[in-house]
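Student: Take a look at start-v9.cif, mmCIF, C-alpha atoms:
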```
data_input
#
loop_
_atom_site.label_atom_id
_atom_site.label_comp_id
_atom_site.auth_asym_id
_atom_site.auth_seq_id
_atom_site.Cartn_x
_atom_site.Cartn_y
_atom_site.Cartn_z
CA MET P 19 -29.92 -16.32 -2.97
CA PRO P 20 -32.24 -14.71 -0.41
CA ILE P 21 -33.80 -12.22 -2.92
CA SER P 22 -34.51 -12.07 -6.67
CA PRO P 23 -31.67 -11.60 -9.19
CA ILE P 24 -33.22 -8.35 -10.48
CA ARG P 25 -33.34 -6.89 -6.99
CA SER P 26 -29.79 -8.10 -6.33
CA LEU P 27 -28.63 -6.37 -9.50
CA LEU P 28 -30.43 -3.16 -8.47
CA ILE P 29 -28.71 -3.24 -5.07
CA ILE P 30 -25.30 -3.55 -6.72
CA LEU P 31 -26.07 -0.60 -9.00
CA VAL P 32 -27.35 1.56 -6.13
CA VAL P 33 -24.25 0.82 -4.02
CA ALA P 34 -21.99 1.41 -7.04
CA ILE P 35 -23.54 4.78 -7.93
CA THR P 36 -23.57 5.98 -4.31
CA THR P 37 -19.92 5.03 -3.88
CA PHE P 38 -18.95 6.75 -7.13
CA ILE P 39 -20.79 9.98 -6.26
CA THR P 40 -19.13 10.08 -2.83
CA ARG P 41 -15.72 9.89 -4.50
CA ALA P 42 -16.70 12.43 -7.17
CA ILE P 43 -18.03 15.17 -4.84
CA PRO P 44 -14.80 17.27 -4.77
CA PHE P 45 -14.49 17.03 -8.55
CA LEU P 46 -18.13 18.10 -8.98
CA LEU P 47 -17.67 21.02 -6.55
CA PHE P 48 -14.47 22.21 -8.27
CA PRO P 49 -14.84 21.26 -11.93
CA ARG P 50 -11.96 21.48 -14.35
CA GLY P 51 -11.01 25.01 -15.34
CA ARG P 52 -12.52 26.60 -12.25
CA LYS P 53 -9.98 28.17 -9.95
CA ILE P 54 -9.45 26.15 -6.78
CA PRO P 55 -9.56 28.40 -3.67
CA LYS P 56 -6.24 28.77 -1.80
CA VAL P 57 -7.66 27.20 1.34
CA VAL P 58 -8.80 24.11 -0.57
CA GLN P 59 -5.34 23.82 -2.16
CA TYR P 60 -3.80 24.02 1.31
CA LEU P 61 -6.15 21.35 2.68
CA GLY P 62 -5.38 19.13 -0.30
CA LYS P 63 -1.71 19.37 0.59
CA VAL P 64 -1.88 18.68 4.35
CA LEU P 65 -4.77 16.23 4.41
CA PRO P 66 -3.01 13.02 3.22
CA PRO P 67 -1.02 12.22 6.42
CA ALA P 68 -4.02 13.19 8.57
CA VAL P 69 -6.28 10.91 6.53
CA ILE P 70 -3.88 7.97 6.84
CA GLY P 71 -3.89 8.54 10.61
CA MET P 72 -7.68 8.50 10.59
CA LEU P 73 -7.71 5.34 8.46
CA LEU P 74 -5.54 3.60 11.05
CA ILE P 75 -8.10 4.28 13.75
CA TYR P 76 -10.81 3.26 11.30
CA CYS P 77 -9.08 -0.10 10.71
CA VAL P 78 -8.55 -0.76 14.38
CA LYS P 79 -12.21 -0.20 15.15
CA SER P 80 -13.23 -2.64 12.41
CA VAL P 81 -10.95 -5.47 13.53
CA GLU P 82 -12.01 -5.06 17.14
CA ILE P 83 -15.59 -5.80 16.16
CA ASN P 84 -14.57 -9.28 15.03
CA THR P 85 -12.29 -10.26 17.90
CA HIS P 86 -13.48 -9.11 21.35
CA GLN P 87 -9.88 -9.36 22.57
CA ASN P 88 -9.43 -5.82 23.92
CA GLY P 89 -7.17 -5.10 20.96
CA LEU P 90 -4.22 -7.15 22.22
CA PRO P 91 -3.68 -9.07 18.92
CA GLU P 92 -3.91 -5.76 17.02
CA LEU P 93 -1.42 -4.14 19.37
CA ILE P 94 1.13 -6.97 19.11
CA ALA P 95 0.84 -7.44 15.34
CA GLY P 96 0.76 -3.67 14.78
CA ALA P 97 3.94 -3.17 16.83
CA VAL P 98 5.65 -5.92 14.83
CA VAL P 99 4.65 -4.23 11.56
CA VAL P 100 6.01 -0.85 12.70
CA LEU P 101 9.27 -2.25 14.12
CA LEU P 102 9.91 -4.49 11.11
CA HIS P 103 9.23 -1.59 8.80
CA VAL P 104 11.48 0.89 10.59
CA TRP P 105 14.17 -1.79 10.59
CA LYS P 106 13.94 -3.25 7.05
CA ARG P 107 11.76 -0.74 5.11
CA ASN P 108 10.35 -3.61 3.08
CA ASN P 109 6.59 -3.21 2.47
CA LEU P 110 5.87 -6.84 1.67
CA LEU P 111 7.84 -8.20 4.61
CA SER P 112 6.20 -5.85 7.13
CA ILE P 113 2.68 -6.44 5.84
CA GLY P 114 3.10 -10.17 5.25
CA ALA P 115 4.70 -10.99 8.59
CA GLY P 116 2.27 -8.75 10.50
CA THR P 117 -0.79 -10.30 8.85
CA VAL P 118 0.33 -13.90 9.32
CA LEU P 119 1.18 -13.17 12.96
CA TYR P 120 -2.20 -11.54 13.47
CA MET P 121 -4.02 -14.51 11.95
CA VAL P 122 -2.12 -16.92 14.19
CA LEU P 123 -2.90 -14.75 17.22
CA VAL P 124 -6.66 -14.54 16.61
CA GLN P 125 -7.07 -18.12 15.41
CA LYS P 126 -4.76 -20.10 17.71
CA VAL P 127 -3.55 -18.02 20.65
CA PHE P 128 -6.44 -15.87 21.86
CA MET J 10 10.58 9.15 -23.07
CA ALA J 11 9.02 7.99 -26.35
CA GLN J 12 5.26 8.35 -26.71
CA GLN J 13 4.89 4.78 -27.94
CA GLY J 14 4.58 2.20 -25.22
CA THR J 15 3.97 4.87 -22.59
CA TYR J 16 1.32 2.79 -20.88
CA LYS J 17 3.28 -0.44 -21.03
CA GLN J 18 6.23 1.28 -19.38
CA ALA J 19 3.93 2.92 -16.81
CA PHE J 20 2.48 -0.47 -15.84
CA ARG J 21 5.93 -1.99 -15.52
CA ARG J 22 7.07 0.89 -13.30
CA ALA J 23 3.89 0.99 -11.22
CA PHE J 24 3.74 -2.74 -10.48
CA PRO J 25 6.40 -2.87 -7.69
CA TYR J 26 4.63 -0.05 -5.82
CA THR J 27 1.30 -1.87 -5.96
CA MET J 28 2.60 -5.15 -4.53
CA PRO J 29 1.50 -4.50 -0.93
CA VAL J 30 -1.96 -3.67 -2.27
CA LEU J 31 -1.86 -6.86 -4.35
CA MET J 32 -1.39 -8.82 -1.17
CA GLY J 33 -3.90 -6.87 0.89
CA TYR J 34 -6.57 -6.83 -1.83
CA LEU J 35 -6.18 -10.53 -2.53
CA PHE J 36 -6.73 -11.19 1.17
CA ILE J 37 -9.72 -8.93 1.77
CA GLY J 38 -11.06 -9.64 -1.73
CA ILE J 39 -10.99 -13.35 -0.90
CA ALA J 40 -12.75 -12.65 2.39
CA PHE J 41 -15.42 -10.71 0.53
CA GLY J 42 -15.86 -13.50 -2.04
CA VAL J 43 -16.22 -16.08 0.73
CA MET J 44 -18.78 -14.06 2.70
CA TYR J 45 -20.81 -13.16 -0.40
CA GLN J 46 -20.76 -16.76 -1.57
CA GLU J 47 -21.98 -17.92 1.85
CA LYS J 48 -24.95 -15.62 1.30
CA GLY J 49 -25.78 -17.55 -1.88
CA TYR J 50 -24.08 -15.44 -4.55
CA ASN J 51 -21.69 -17.18 -6.93
CA VAL J 52 -18.46 -15.97 -8.50
CA LEU J 53 -20.25 -14.00 -11.26
CA TRP J 54 -22.04 -11.87 -8.68
CA ALA J 55 -18.91 -11.35 -6.64
CA SER J 56 -16.87 -10.22 -9.64
CA LEU J 57 -19.68 -7.98 -10.90
CA MET J 58 -19.89 -6.24 -7.54
CA SER J 59 -16.12 -5.83 -7.28
CA LEU J 60 -15.99 -4.51 -10.84
CA LEU J 61 -18.77 -1.93 -10.39
CA VAL J 62 -18.60 -0.94 -6.71
CA TYR J 63 -14.92 -1.39 -5.85
CA ALA J 64 -14.96 -0.51 -2.15
CA GLY J 65 -13.68 -2.71 0.67
CA SER J 66 -15.75 -1.70 3.66
CA GLY J 67 -18.58 -0.61 1.35
CA GLN J 68 -18.90 -4.10 -0.13
CA TYR J 69 -18.59 -5.84 3.24
CA LEU J 70 -21.45 -3.68 4.47
CA ALA J 71 -23.43 -4.18 1.27
CA ILE J 72 -23.55 -7.95 1.82
CA SER J 73 -26.04 -7.23 4.58
CA PHE J 74 -28.31 -5.43 2.07
CA PHE J 75 -29.22 -8.65 0.26
CA VAL J 76 -32.17 -9.47 2.50
CA PRO J 77 -35.90 -9.16 1.83
CA GLY J 78 -37.47 -5.81 2.67
CA MET J 79 -34.37 -3.61 2.95
CA GLN J 80 -35.13 -0.04 1.85
CA PHE J 81 -33.06 1.40 -1.01
CA LEU J 82 -32.92 4.75 0.76
CA SER J 83 -31.26 3.25 3.82
CA MET J 84 -28.80 1.41 1.55
CA ILE J 85 -27.84 4.75 -0.01
CA PHE J 86 -27.48 6.39 3.39
CA LEU J 87 -25.42 3.57 4.94
CA THR J 88 -23.17 3.31 1.87
CA PHE J 89 -22.61 7.05 1.90
CA MET J 90 -21.76 7.04 5.61
CA VAL J 91 -19.27 4.18 5.34
CA ASN J 92 -17.61 5.88 2.36
CA VAL J 93 -17.84 9.49 3.52
CA ARG J 94 -14.07 9.67 4.11
CA HIS J 95 -13.59 9.44 0.34
CA ILE J 96 -14.74 13.06 0.00
CA PHE J 97 -11.35 14.10 1.41
CA TYR J 98 -9.40 12.14 -1.17
CA GLY J 99 -10.47 14.12 -4.21
CA LEU J 100 -9.52 17.39 -2.50
CA SER J 101 -5.85 16.38 -2.66
CA LEU J 102 -6.06 15.21 -6.25
CA LEU J 103 -7.94 18.03 -8.02
CA THR J 104 -4.83 19.38 -9.72
CA ARG J 105 -3.18 16.02 -10.35
CA PHE J 106 -6.20 14.75 -12.30
CA GLU J 107 -6.67 18.11 -14.03
CA ASN J 108 -5.01 17.22 -17.35
CA MET J 109 -6.39 13.71 -17.65
CA LYS J 110 -8.76 13.00 -20.50
CA LYS J 111 -10.71 9.77 -20.86
CA GLU J 112 -9.16 8.23 -17.76
CA ARG J 113 -10.28 11.03 -15.42
CA TRP J 114 -13.65 9.55 -14.45
CA TYR J 115 -12.13 6.10 -14.04
CA MET J 116 -9.50 7.62 -11.74
CA ILE J 117 -12.26 9.19 -9.64
CA PHE J 118 -14.28 5.95 -9.62
CA SER J 119 -11.26 3.91 -8.50
CA LEU J 120 -10.25 6.21 -5.61
CA THR J 121 -10.04 3.65 -2.79
CA ASP J 122 -8.16 4.12 0.50
CA GLU J 123 -5.20 2.10 -0.73
CA THR J 124 -5.01 3.67 -4.19
CA TYR J 125 -5.20 7.14 -2.68
CA SER J 126 -2.46 6.27 -0.17
CA LEU J 127 -0.19 5.00 -2.93
CA TYR J 128 -0.53 8.25 -4.89
CA PHE J 129 1.08 10.02 -1.94
CA ASN J 130 3.64 7.39 -1.13
CA THR J 131 5.24 7.08 -4.56
CA LYS J 132 7.21 9.43 -6.75
CA VAL J 133 6.59 9.20 -10.47
CA PRO J 134 9.70 7.61 -12.07
CA PRO J 135 11.48 9.96 -14.51
CA ASP J 136 10.95 7.76 -17.57
CA VAL J 137 7.13 7.74 -17.42
CA LYS J 138 4.53 10.49 -17.46
CA GLU J 139 2.47 11.07 -14.33
CA GLU J 140 -0.97 10.36 -15.85
CA PRO J 141 -0.24 6.87 -17.24
CA PHE J 142 1.63 6.02 -14.03
CA LEU J 143 -1.29 6.95 -11.78
CA PHE J 144 -3.68 5.18 -14.15
CA ALA J 145 -1.54 2.04 -13.97
CA ILE J 146 -1.69 2.08 -10.15
CA ALA J 147 -5.47 2.52 -10.21
CA PHE J 148 -6.03 -0.18 -12.81
CA LEU J 149 -3.69 -2.73 -11.20
CA ASN J 150 -5.29 -2.26 -7.77
CA HIS J 151 -8.78 -2.63 -9.24
CA SER J 152 -7.81 -5.88 -10.96
CA TYR J 153 -6.29 -7.30 -7.74
CA TRP J 154 -9.56 -6.59 -5.99
CA ILE J 155 -11.60 -8.36 -8.68
CA ILE J 156 -9.20 -11.33 -8.77
CA GLY J 157 -9.33 -11.60 -4.96
CA SER J 158 -13.15 -11.69 -4.98
CA ILE J 159 -13.11 -14.35 -7.71
CA ILE J 160 -10.66 -16.54 -5.78
CA GLY J 161 -12.71 -16.11 -2.60
CA ALA J 162 -16.00 -16.98 -4.30
CA VAL J 163 -14.50 -20.03 -6.02
CA ALA J 164 -12.26 -21.27 -3.20
CA GLY J 165 -15.05 -20.76 -0.69
CA THR J 166 -17.01 -23.54 -2.41
CA LEU J 167 -14.04 -25.90 -2.74
CA ILE J 168 -11.96 -25.70 0.43
CA PRO J 169 -12.86 -24.73 3.97
CA PHE J 170 -11.04 -21.43 4.35
CA ASN J 171 -10.42 -19.85 7.71
CA ALA J 172 -10.46 -16.19 6.69
CA LYS J 173 -10.36 -14.90 10.24
CA GLY J 174 -7.82 -12.13 10.63
CA ILE J 175 -6.81 -11.66 6.99
CA ASP J 176 -8.35 -8.20 6.92
CA PHE J 177 -5.41 -7.13 9.09
CA ALA J 178 -3.41 -6.84 5.84
CA MET J 179 -5.11 -3.51 5.23
CA THR J 180 -4.31 -2.20 8.70
CA ALA J 181 -0.71 -3.29 8.13
CA LEU J 182 -0.62 -1.48 4.77
CA PHE J 183 -1.83 1.77 6.35
CA LEU J 184 0.64 1.34 9.21
CA VAL J 185 3.47 0.96 6.70
CA ILE J 186 2.36 4.04 4.75
CA PHE J 187 1.95 5.92 8.01
CA VAL J 188 5.51 5.01 9.06
CA GLU J 189 6.84 6.02 5.62
CA GLN J 190 5.12 9.40 5.80
CA TRP J 191 6.18 9.87 9.40
CA LEU J 192 9.84 9.31 8.54
CA ALA J 193 9.60 11.52 5.46
CA VAL J 194 8.23 14.75 6.92
CA LYS J 195 9.47 17.34 9.42
CA SER J 196 6.08 18.34 10.80
CA HIS J 197 4.16 15.46 12.33
CA PHE J 198 1.22 17.72 13.09
CA PRO J 199 -1.16 16.54 10.30
CA ALA J 200 -0.48 12.87 11.06
CA LEU J 201 -0.98 13.36 14.81
CA ALA J 202 -4.07 15.50 14.22
CA GLY J 203 -5.55 12.66 12.17
CA ILE J 204 -4.84 9.97 14.76
CA CYS J 205 -5.82 11.98 17.84
CA ALA J 206 -8.98 13.51 16.36
CA ALA J 207 -10.16 10.14 15.08
CA PHE J 208 -9.37 8.41 18.37
CA ALA J 209 -11.11 11.09 20.44
CA CYS J 210 -14.15 10.95 18.17
CA LEU J 211 -14.18 7.14 18.35
CA LEU J 212 -14.39 7.38 22.16
CA ILE J 213 -17.04 10.09 22.09
CA PHE J 214 -19.28 9.02 19.18
CA GLY J 215 -18.69 5.26 19.02
CA LYS J 216 -17.46 3.12 16.16
CA GLU J 217 -20.54 3.49 13.98
CA ARG J 218 -20.58 7.28 13.85
CA PHE J 219 -17.10 8.66 14.43
CA ILE J 220 -15.79 9.22 10.89
CA LEU J 221 -17.82 12.32 10.02
CA PRO J 222 -17.02 14.14 13.31
CA SER J 223 -13.37 13.09 12.86
CA MET J 224 -13.29 14.65 9.40
CA ILE J 225 -14.70 17.90 10.74
CA CYS J 226 -12.22 17.98 13.65
CA ILE J 227 -9.26 17.25 11.35
CA MET J 228 -10.33 19.99 8.97
CA LEU J 229 -10.71 22.52 11.82
CA LEU J 230 -7.33 21.59 13.32
CA LEU J 231 -5.57 21.89 9.97
CA LEU J 232 -7.23 25.24 9.28
CA LEU J 233 -6.40 26.51 12.76
CA PHE J 234 -2.70 25.72 12.31
CA ARG J 235 -2.58 26.76 8.66
CA LYS J 236 -0.05 29.55 9.14
CA HIS J 237 2.36 27.38 11.09
CA LEU J 238 2.09 24.47 8.62
CA GLU J 239 2.52 26.63 5.53
CA GLU J 240 5.76 27.98 6.95
CA ASN J 241 6.99 24.39 7.26
CA ASP J 242 5.79 23.51 3.79
CA ARG J 243 9.01 24.22 1.89
CA ILE J 244 11.06 21.99 4.24
CA ILE J 245 8.46 19.22 4.21
CA GLY J 246 8.31 19.19 0.42
CA SER J 247 12.04 18.92 -0.19
CA GLU J 248 12.55 16.27 2.51
CA GLN J 249 9.81 14.13 1.06
CA ASN J 250 11.20 14.31 -2.48
CA LYS J 251 14.65 13.29 -1.32
CA LEU J 252 13.33 10.30 0.54
CA GLU J 253 11.07 9.14 -2.26
CA GLU J 254 13.95 9.29 -4.72
CA GLU J 255 15.94 6.95 -2.51
CA GLU J 256 12.97 4.63 -2.31
CA SER J 257 12.32 4.48 -6.03
CA GLY J 258 15.95 3.64 -6.55
CA HIS J 259 15.58 0.89 -3.97
CA ALA J 260 12.43 -0.55 -5.56
CA ASN J 261 14.01 -0.89 -8.99
#
```
Output the structure of this file as structure tokens.
Tutor:
Amino acid sequence: MPISPIRSLLIILVVAITTFITRAIPFLLFPRGRKIPKVVQYLGKVLPPAVIGMLLIYCVKSVEINTHQNGLPELIAGAVVVLLHVWKRNNLLSIGAGTVLYMVLVQKVF
Amino acid sequence: MAQQGTYKQAFRRAFPYTMPVLMGYLFIGIAFGVMYQEKGYNVLWASLMSLLVYAGSGQYLAISFFVPGMQFLSMIFLTFMVNVRHIFYGLSLLTRFENMKKERWYMIFSLTDETYSLYFNTKVPPDVKEEPFLFAIAFLNHSYWIIGSIIGAVAGTLIPFNAKGIDFAMTALFLVIFVEQWLAVKSHFPALAGICAAFACLLIFGKERFILPSMICIMLLLLLFRKHLEENDRIIGSEQNKLEEEESGHAN
């Protein structure tokens, strides 16, 4: 352990509270019983697919940091996930096969 | 429909939907446990952190905080920046959490990327109430995450584990949810807006700073095309329900 247990515990608490507050911000801004503005209701409805799109880009940027392979393993494994899923519509199969393929690609092939 | 056993039934119904998260969270939870253990923190620390923080990228980042001399203020800032996307999640769930009682703050605490995505990719089965069902999803996902960290912290000391690449499970999960949503809706505008805005911002601002500008761009785009999207809303809604009904039948 590079630092004291008390300090380690404090770090965990600080990270936990910060994470919780970030997630709670909308609920603190629009507490129960208060009328939610129409525009916020609209955003709440259309945001989910946009956010998933953003998360995809977010994931791709994180895996690229670890690999330095110009994103080729991500591209191949990602295409396999999408094709498998359109074909079989089985969550576990698409995710499992894609992940195993990706691990083989980054560990053995590239 | 009986009140008794509502939660038991909700857990049984929710479990199949959470299975991709089970796999993903075990993988990235294990990776977290291994990395944290390499830093000198045993399984108790790993499970405590996963219990209290419960954030994938947040906890990966936080591992780098356990060094002498790191300022608490910069920890708060970095944690906030890596989690800033979570602000969007609550906006879509204000009304769905409205009637929850004791569970409400736990639901807000447990709002991870994957849990949030599942709320929009699953239709509540007719024989359970929405609140216990959503709670079951949240609770199951949280436990997978803790179990994954425990396995990682323990297995990391016993067997040499090549964790490289397992974090792709999360990318695959989002890809699958993205495909599901893509096939379910008529208007692909929100999905495309999310991808394109985030990609453009990644190129312009770089990988450390692109999420906040992306969020602003997405919000502006969605507001700009509000009229057009609200006209489509009725069609989108009914299509999505139909598809989710087919899926829930398939999953049982």
Student: For the file shown, what are the residues hit by the PyMOL selection byres ((chain P) within 7 of (chain J)), laid out as a ChimeraX atom specification?
Tutor: /P:19-21,26,30,32-34,36-38,40-45,50,62-65,67-72,74-75,77,79,96,99-100,103,109-110,113,116-117,120-121,124-125
Student: Evaluate the PyMOL selection byres ((chain J and resi 23) around 10) against this structure - the residues, as a PyMOL selection string, please.
Tutor: chain J and resi 17-22+24-28+131+133-134+137+141-147+149
Student: Restricted to C-alpha atoms, what would the selected residues look like written as an mmCIF file, in the coordinates of the input?
Tutor:
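Saved the output as selection.cif:
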```cif
data_model
loop_
_atom_site.group_PDB
_atom_site.id
_atom_site.type_symbol
_atom_site.label_atom_id
_atom_site.label_comp_id
_atom_site.auth_asym_id
_atom_site.auth_seq_id
_atom_site.Cartn_x
_atom_site.Cartn_y
_atom_site.Cartn_z
ATOM 1 C CA LYS J 17 3.280 -0.440 -21.030
ATOM 2 C CA GLN J 18 6.230 1.280 -19.380
ATOM 3 C CA ALA J 19 3.930 2.920 -16.810
ATOM 4 C CA PHE J 20 2.480 -0.470 -15.840
ATOM 5 C CA ARG J 21 5.930 -1.990 -15.520
ATOM 6 C CA ARG J 22 7.070 0.890 -13.300
ATOM 7 C CA PHE J 24 3.740 -2.740 -10.480
ATOM 8 C CA PRO J 25 6.400 -2.870 -7.690
ATOM 9 C CA TYR J 26 4.630 -0.050 -5.820
ATOM 10 C CA THR J 27 1.300 -1.870 -5.960
ATOM 11 C CA MET J 28 2.600 -5.150 -4.530
ATOM 12 C CA THR J 131 5.240 7.080 -4.560
ATOM 13 C CA VAL J 133 6.590 9.200 -10.470
ATOM 14 C CA PRO J 134 9.700 7.610 -12.070
ATOM 15 C CA VAL J 137 7.130 7.740 -17.420
ATOM 16 C CA PRO J 141 -0.240 6.870 -17.240
ATOM 17 C CA PHE J 142 1.630 6.020 -14.030
ATOM 18 C CA LEU J 143 -1.290 6.950 -11.780
ATOM 19 C CA PHE J 144 -3.680 5.180 -14.150
ATOM 20 C CA ALA J 145 -1.540 2.040 -13.970
ATOM 21 C CA ILE J 146 -1.690 2.080 -10.150
ATOM 22 C CA ALA J 147 -5.470 2.520 -10.210
ATOM 23 C CA LEU J 149 -3.690 -2.730 -11.200
#
```
Student: CA of Val57 (chain P) and CA of Glu139 (chain J) are how many Å apart?
Tutor: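 Computed distance, CA of Val57 (chain P) to CA of Glu139 (chain J), equals 24.7 Å.
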Student: Since the input is missing atoms for region 124-142 of chain J, could you rebuild it with N, CA and C atoms and give the result as a tab-separated table (two decimals), in the coordinates of the input?
Tutor:
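Writing the result to part-v6.tsv gives the following:
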```tsv
chain	number	residue	atom	x	y	z
J	124	THR	N	-5.47	3.00	-2.98
J	124	THR	CA	-5.01	3.67	-4.19
J	124	THR	C	-4.61	5.10	-3.87
J	125	TYR	N	-5.48	5.77	-3.11
J	125	TYR	CA	-5.20	7.14	-2.68
J	125	TYR	C	-3.88	7.20	-1.90
J	126	SER	N	-3.68	6.27	-0.98
J	126	SER	CA	-2.46	6.27	-0.17
J	126	SER	C	-1.23	6.10	-1.05
J	127	LEU	N	-1.34	5.23	-2.04
J	127	LEU	CA	-0.19	5.00	-2.93
J	127	LEU	C	0.18	6.25	-3.72
J	128	TYR	N	-0.82	7.04	-4.12
J	128	TYR	CA	-0.53	8.25	-4.89
J	128	TYR	C	0.38	9.19	-4.09
J	129	PHE	N	0.29	9.10	-2.76
J	129	PHE	CA	1.08	10.02	-1.94
J	129	PHE	C	2.32	9.35	-1.36
J	130	ASN	N	2.49	8.09	-1.66
J	130	ASN	CA	3.64	7.39	-1.13
J	130	ASN	C	4.64	7.03	-2.23
J	131	THR	N	4.35	7.43	-3.46
J	131	THR	CA	5.24	7.08	-4.56
J	131	THR	C	5.57	8.32	-5.37
J	132	LYS	N	6.80	8.35	-5.87
J	132	LYS	CA	7.21	9.43	-6.75
J	132	LYS	C	7.19	8.87	-8.17
J	133	VAL	N	6.66	9.67	-9.09
J	133	VAL	CA	6.59	9.20	-10.47
J	133	VAL	C	8.01	9.02	-11.03
J	134	PRO	N	8.34	7.82	-11.52
J	134	PRO	CA	9.70	7.61	-12.07
J	134	PRO	C	9.94	8.56	-13.25
J	135	PRO	N	11.19	8.95	-13.48
J	135	PRO	CA	11.48	9.96	-14.51
J	135	PRO	C	11.18	9.50	-15.94
J	136	ASP	N	11.15	8.19	-16.19
J	136	ASP	CA	10.95	7.76	-17.57
J	136	ASP	C	9.49	7.50	-17.95
J	137	VAL	N	8.55	7.83	-17.04
J	137	VAL	CA	7.13	7.74	-17.42
J	137	VAL	C	6.42	9.04	-17.06
J	138	LYS	N	5.32	9.31	-17.78
J	138	LYS	CA	4.53	10.49	-17.46
J	138	LYS	C	3.64	10.20	-16.26
J	139	GLU	N	3.24	11.28	-15.56
J	139	GLU	CA	2.47	11.07	-14.33
J	139	GLU	C	1.11	10.41	-14.60
J	140	GLU	N	0.40	10.87	-15.63
J	140	GLU	CA	-0.97	10.36	-15.85
J	140	GLU	C	-1.00	8.85	-16.09
J	141	PRO	N	-0.21	8.33	-17.05
J	141	PRO	CA	-0.24	6.87	-17.24
J	141	PRO	C	0.21	6.11	-16.00
J	142	PHE	N	1.14	6.69	-15.24
J	142	PHE	CA	1.63	6.02	-14.03
J	142	PHE	C	0.52	5.89	-12.99
```
